[in-house]
file data34.pdb (PDB, C-alpha atoms and all ligand atoms)
MODEL        1
ATOM      1  CA  MET M   1     100.205  99.338  -8.048
ATOM      2  CA  SER M   2     101.331  99.966 -11.618
ATOM      3  CA  ARG M   3     104.537 101.776 -12.436
ATOM      4  CA  SER M   4     102.660 104.843 -13.777
ATOM      5  CA  HIS M   5     100.653 105.057 -10.557
ATOM      6  CA  THR M   6     103.872 104.976  -8.586
ATOM      7  CA  ILE M   7     105.321 107.840 -10.661
ATOM      8  CA  VAL M   8     102.199 109.989 -10.161
ATOM      9  CA  LEU M   9     102.146 109.265  -6.443
ATOM     10  CA  THR M  10     105.843 110.157  -6.162
ATOM     11  CA  ALA M  11     105.193 113.464  -7.970
ATOM     12  CA  VAL M  12     102.299 114.322  -5.650
ATOM     13  CA  VAL M  13     104.333 113.543  -2.551
ATOM     14  CA  PHE M  14     107.230 115.624  -3.868
ATOM     15  CA  ALA M  15     104.895 118.580  -4.609
ATOM     16  CA  LEU M  16     103.445 118.404  -1.092
ATOM     17  CA  LEU M  17     106.878 118.235   0.498
ATOM     18  CA  SER M  18     108.235 121.177  -1.498
ATOM     19  CA  GLY M  19     105.121 123.163  -0.585
ATOM     20  CA  VAL M  20     105.823 122.548   3.083
ATOM     21  CA  VAL M  21     109.462 123.541   2.649
ATOM     22  CA  SER M  22     108.542 126.848   0.943
ATOM     23  CA  VAL M  23     106.460 127.852   3.989
ATOM     24  CA  GLY M  24     109.616 127.861   6.109
ATOM     25  CA  PRO M  25     109.916 129.695   9.423
ATOM     26  CA  ALA M  26     111.760 132.642   7.826
ATOM     27  CA  SER M  27     108.552 133.922   6.172
ATOM     28  CA  ALA M  28     106.542 134.591   9.330
ATOM     29  CA  GLN M  29     103.271 136.344   8.618
ATOM     30  CA  ILE M  30     102.106 139.356  10.586
ATOM     31  CA  ALA M  31      99.702 138.397  13.356
ATOM     32  CA  ALA M  32      97.580 140.325  15.843
ATOM     33  CA  THR M  33      98.725 140.045  19.461
ATOM     34  CA  SER M  34      96.139 142.129  21.342
ATOM     35  CA  SER M  35      93.521 144.813  20.910
ATOM     36  CA  THR M  36      91.258 147.378  22.536
ATOM     37  CA  PRO M  37      88.549 146.451  22.903
ATOM     38  CA  GLU M  38      89.808 142.953  23.647
ATOM     39  CA  ASP M  39      88.407 140.099  21.619
ATOM     40  CA  GLY M  40      85.224 138.944  23.339
ATOM     41  CA  ALA M  41      84.906 142.080  25.488
ATOM     42  CA  ALA M  42      81.525 142.934  27.034
ATOM     43  CA  LEU M  43      81.384 146.723  27.346
ATOM     44  CA  ASP M  44      78.805 148.951  29.050
ATOM     45  CA  VAL M  45      79.800 152.051  27.088
ATOM     46  CA  PRO M  46      80.262 152.731  23.371
ATOM     47  CA  VAL M  47      83.755 152.480  21.941
ATOM     48  CA  ARG M  48      85.524 155.765  21.091
ATOM     49  CA  THR M  49      88.727 154.304  19.638
ATOM     50  CA  VAL M  50      89.800 150.927  18.323
ATOM     51  CA  ARG M  51      93.371 149.656  18.358
ATOM     52  CA  VAL M  52      95.052 146.410  17.314
ATOM     53  CA  TRP M  53      98.658 145.427  18.135
ATOM     54  CA  PHE M  54     100.748 143.097  15.987
ATOM     55  CA  ASP M  55     103.934 141.061  16.308
ATOM     56  CA  GLU M  56     105.672 143.369  13.826
ATOM     57  CA  ALA M  57     105.085 146.823  12.349
ATOM     58  CA  PRO M  58     101.977 146.919  10.140
ATOM     59  CA  ARG M  59     102.062 148.940   6.915
ATOM     60  CA  VAL M  60      99.447 151.627   7.578
ATOM     61  CA  ASP M  61      99.095 152.403   3.852
ATOM     62  CA  LYS M  62      98.105 148.770   3.260
ATOM     63  CA  SER M  63      95.799 148.414   6.246
ATOM     64  CA  THR M  64      92.146 148.860   7.145
ATOM     65  CA  LEU M  65      90.077 148.773  10.329
ATOM     66  CA  GLU M  66      86.359 148.299   9.821
ATOM     67  CA  ILE M  67      83.500 148.088  12.315
ATOM     68  CA  THR M  68      80.481 146.024  11.363
ATOM     69  CA  ALA M  69      77.276 145.070  13.149
ATOM     70  CA  PRO M  70      73.653 144.561  12.144
ATOM     71  CA  GLY M  71      72.364 148.006  11.158
ATOM     72  CA  ASN M  72      75.671 149.529  12.202
ATOM     73  CA  ARG M  73      76.432 153.197  11.483
ATOM     74  CA  ALA M  74      79.631 153.488  13.537
ATOM     75  CA  ARG M  75      82.745 153.919  11.435
ATOM     76  CA  ALA M  76      86.467 153.665  12.168
ATOM     77  CA  GLU M  77      88.110 156.820  10.801
ATOM     78  CA  GLY M  78      91.572 158.351  10.760
ATOM     79  CA  LEU M  79      93.548 155.119  10.568
ATOM     80  CA  HIS M  80      97.076 155.581  11.919
ATOM     81  CA  SER M  81      99.763 153.914  13.987
ATOM     82  CA  MET M  82     101.017 155.113  17.367
ATOM     83  CA  GLY M  83     104.396 153.597  16.495
ATOM     84  CA  GLU M  84     103.966 150.540  18.733
ATOM     85  CA  ASN M  85     103.358 147.902  16.021
ATOM     86  CA  ASP M  86      99.746 149.012  16.152
ATOM     87  CA  LEU M  87      96.859 150.290  14.093
ATOM     88  CA  MET M  88      94.466 152.779  15.657
ATOM     89  CA  ALA M  89      91.354 154.641  14.576
ATOM     90  CA  ARG M  90      88.672 156.769  16.193
ATOM     91  CA  VAL M  91      85.073 155.668  16.126
ATOM     92  CA  VAL M  92      82.517 158.119  14.775
ATOM     93  CA  GLY M  93      78.771 157.730  14.526
ATOM     94  CA  PRO M  94      76.271 156.158  16.888
ATOM     95  CA  MET M  95      77.056 152.824  18.551
ATOM     96  CA  PRO M  96      73.841 151.403  19.997
ATOM     97  CA  ASP M  97      73.823 148.257  22.116
ATOM     98  CA  GLY M  98      74.690 145.228  20.030
ATOM     99  CA  ASP M  99      77.292 142.719  18.882
ATOM    100  CA  TYR M 100      80.135 144.281  16.919
ATOM    101  CA  THR M 101      82.920 142.940  14.776
ATOM    102  CA  LEU M 102      86.182 144.822  14.227
ATOM    103  CA  THR M 103      87.868 143.503  11.088
ATOM    104  CA  TRP M 104      91.525 144.321  10.512
ATOM    105  CA  THR M 105      93.469 143.886   7.315
ATOM    106  CA  THR M 106      97.159 144.622   7.147
ATOM    107  CA  THR M 107     100.431 143.791   5.462
ATOM    108  CA  GLY M 108     103.705 143.046   7.209
ATOM    109  CA  ALA M 109     107.307 142.892   6.104
ATOM    110  CA  ASP M 110     106.724 139.828   3.922
ATOM    111  CA  GLY M 111     104.282 141.825   1.758
ATOM    112  CA  ARG M 112     101.434 139.392   2.286
ATOM    113  CA  GLU M 113      98.037 140.661   3.345
ATOM    114  CA  GLN M 114      96.538 139.176   6.483
ATOM    115  CA  THR M 115      93.127 139.715   8.011
ATOM    116  CA  GLY M 116      91.374 138.902  11.251
ATOM    117  CA  THR M 117      88.410 139.820  13.395
ATOM    118  CA  ILE M 118      87.774 140.924  16.965
ATOM    119  CA  THR M 119      84.265 140.731  18.350
ATOM    120  CA  PHE M 120      82.824 142.714  21.236
ATOM    121  CA  THR M 121      79.456 143.535  22.732
ATOM    122  CA  VAL M 122      78.076 146.899  23.860
ATOM    123  CA  GLN M 123      75.294 146.643  26.449
ATOM    124  CA  ARG M 124      74.571 149.776  28.455
ATOM    125  CA  GLU M 125      73.488 149.337  32.065
ATOM    126  CA  ARG M 126      69.872 150.176  32.770
TER     127      ARG M 126
HETATM  128 CU    CU Y   1      96.268 156.935  18.137
ENDMDL
END
call {"tool": "encode", "arguments": {"input": "data34.pdb", "output": "structure tokens", "more": "lines below"}}
Ligand SMILES: [Cu+2]
result
Amino acid sequence: MSRSHTIVLTAVVFALLSGVVSVGPASAQIAATSSTPEDGAALDVPVRTVRVWFDEAPRVDKSTLEITAPGNRARAEGLHSMGENDLMARVVGPMPDGDYTLTWTTTGADGREQTGTITFTVQRER
């Protein structure tokens, strides 16, 4: 290996190492801990409210809860927190049987936006 190759390689290794160091444990990112409905839930009734809990207080003004599904007309409205490190919204509109995705976006104390999804199924008994 030539000397110039060695210098470039050293610079790359140093950049990688300093990147790892800057992601230190002090800058923990907000993460979801649980939800209603639970991720993967199979429900036999439509959902009236959705709620997601986090490992720290989410900033409601920098958060969204959105329900999506093929042909979906259900919407999450009235986003708020119940003061338990949570986001909550009521569900309005029809929710026919189907596979739904609840997408949350929020920002924690570190100011960095995080997002995640919870999926659930509605299948009424016949
Ligand atoms: Cu509430």
call {"tool": "residues_near_ligand", "arguments": {"input": "data34.pdb", "ligand": "ligand CU 1 (chain Y)", "cutoff": "7 Å", "atoms": "all atoms listed in the file", "output": "count of residues only"}}
result
5
call {"tool": "resolve_selection", "arguments": {"input": "data34.pdb", "expression": "the PyMOL selection byres (((chain M and resi 100) around 9) and not hetatm)", "output": "compact mmCIF listing (two decimals) with C-alpha atoms, in the frame of the given file"}}
result
# COMPACT_ATOMS: atom_id res chain seq x y z
CA ILE M 67 83.50 148.09 12.32
CA THR M 68 80.48 146.02 11.36
CA ALA M 69 77.28 145.07 13.15
CA PRO M 70 73.65 144.56 12.14
CA ASN M 72 75.67 149.53 12.20
CA GLY M 98 74.69 145.23 20.03
CA ASP M 99 77.29 142.72 18.88
CA THR M 101 82.92 142.94 14.78
CA LEU M 102 86.18 144.82 14.23
CA ILE M 118 87.77 140.92 16.96
CA THR M 119 84.26 140.73 18.35
CA PHE M 120 82.82 142.71 21.24
CA THR M 121 79.46 143.54 22.73
CA VAL M 122 78.08 146.90 23.86
call {"tool": "resolve_selection", "arguments": {"input": "data34.pdb", "expression": "the PyMOL selection byres (((chain M and resi 43) around 8) and not hetatm)", "output": "PDB file with C-alpha atoms, keeping the file's coordinate frame"}}
result
ATOM      1  CA  ALA M  41      84.906 142.080  25.488  1.00  0.00           C
ATOM      2  CA  ALA M  42      81.525 142.934  27.034  1.00  0.00           C
ATOM      3  CA  ASP M  44      78.805 148.951  29.050  1.00  0.00           C
ATOM      4  CA  VAL M  45      79.800 152.051  27.088  1.00  0.00           C
ATOM      5  CA  PRO M  46      80.262 152.731  23.371  1.00  0.00           C
ATOM      6  CA  PHE M 120      82.824 142.714  21.236  1.00  0.00           C
ATOM      7  CA  THR M 121      79.456 143.535  22.732  1.00  0.00           C
ATOM      8  CA  VAL M 122      78.076 146.899  23.860  1.00  0.00           C
ATOM      9  CA  GLN M 123      75.294 146.643  26.449  1.00  0.00           C
ATOM     10  CA  ARG M 124      74.571 149.776  28.455  1.00  0.00           C
TER      11      ARG M 124
END
call {"tool": "residues_around", "arguments": {"input": "data34.pdb", "residues": "Ala31 (chain M)", "least_positions_apart": "3", "cutoff": "9 Å", "atoms": "all atoms listed in the file", "output": "CSV table (one decimal) with C-alpha atoms, keeping the file's coordinate frame"}}
result
chain,number,residue,atom,x,y,z
M,28,ALA,CA,106.5,134.6,9.3
M,53,TRP,CA,98.7,145.4,18.1
M,54,PHE,CA,100.7,143.1,16.0
M,55,ASP,CA,103.9,141.1,16.3
M,56,GLU,CA,105.7,143.4,13.8
M,108,GLY,CA,103.7,143.0,7.2
M,114,GLN,CA,96.5,139.2,6.5
M,115,THR,CA,93.1,139.7,8.0
M,116,GLY,CA,91.4,138.9,11.3
call {"tool": "closest_residue", "arguments": {"input": "data34.pdb", "among": "M:Ala76, M:Met95, M:Ala32, M:Ala109", "to": "Val50 (chain M)", "atoms": "all atoms listed in the file"}}
result
M:Ala76
call {"tool": "atom_distance", "arguments": {"input": "data34.pdb", "atom1": "CA of Glu84 (chain M)", "atom2": "CA of Pro58 (chain M)"}}
result
9.5 Å
call {"tool": "residues_around", "arguments": {"input": "data34.pdb", "residues": "Val60 (chain M)", "least_positions_apart": "2", "cutoff": "9 Å", "atoms": "only C-alpha atoms", "output": "PyMOL selection string"}}
result
chain M and resi 57-58+62-64+79-81+86-87+106-107
call {"tool": "atom_distance", "arguments": {"input": "data34.pdb", "atom1": "CA of Val92 (chain M)", "atom2": "CA of Arg48 (chain M)"}}
result
7.4 Å
call {"tool": "atom_distance", "arguments": {"input": "data34.pdb", "atom1": "CA of Glu77 (chain M)", "atom2": "CA of Thr36 (chain M)"}}
result
15.4 Å
call {"tool": "closest_residue", "arguments": {"input": "data34.pdb", "among": "M:Gly111, M:Asp97, M:Gly71, M:Thr49", "to": "Glu125 (chain M)", "atoms": "all atoms listed in the file"}}
result
M:Asp97
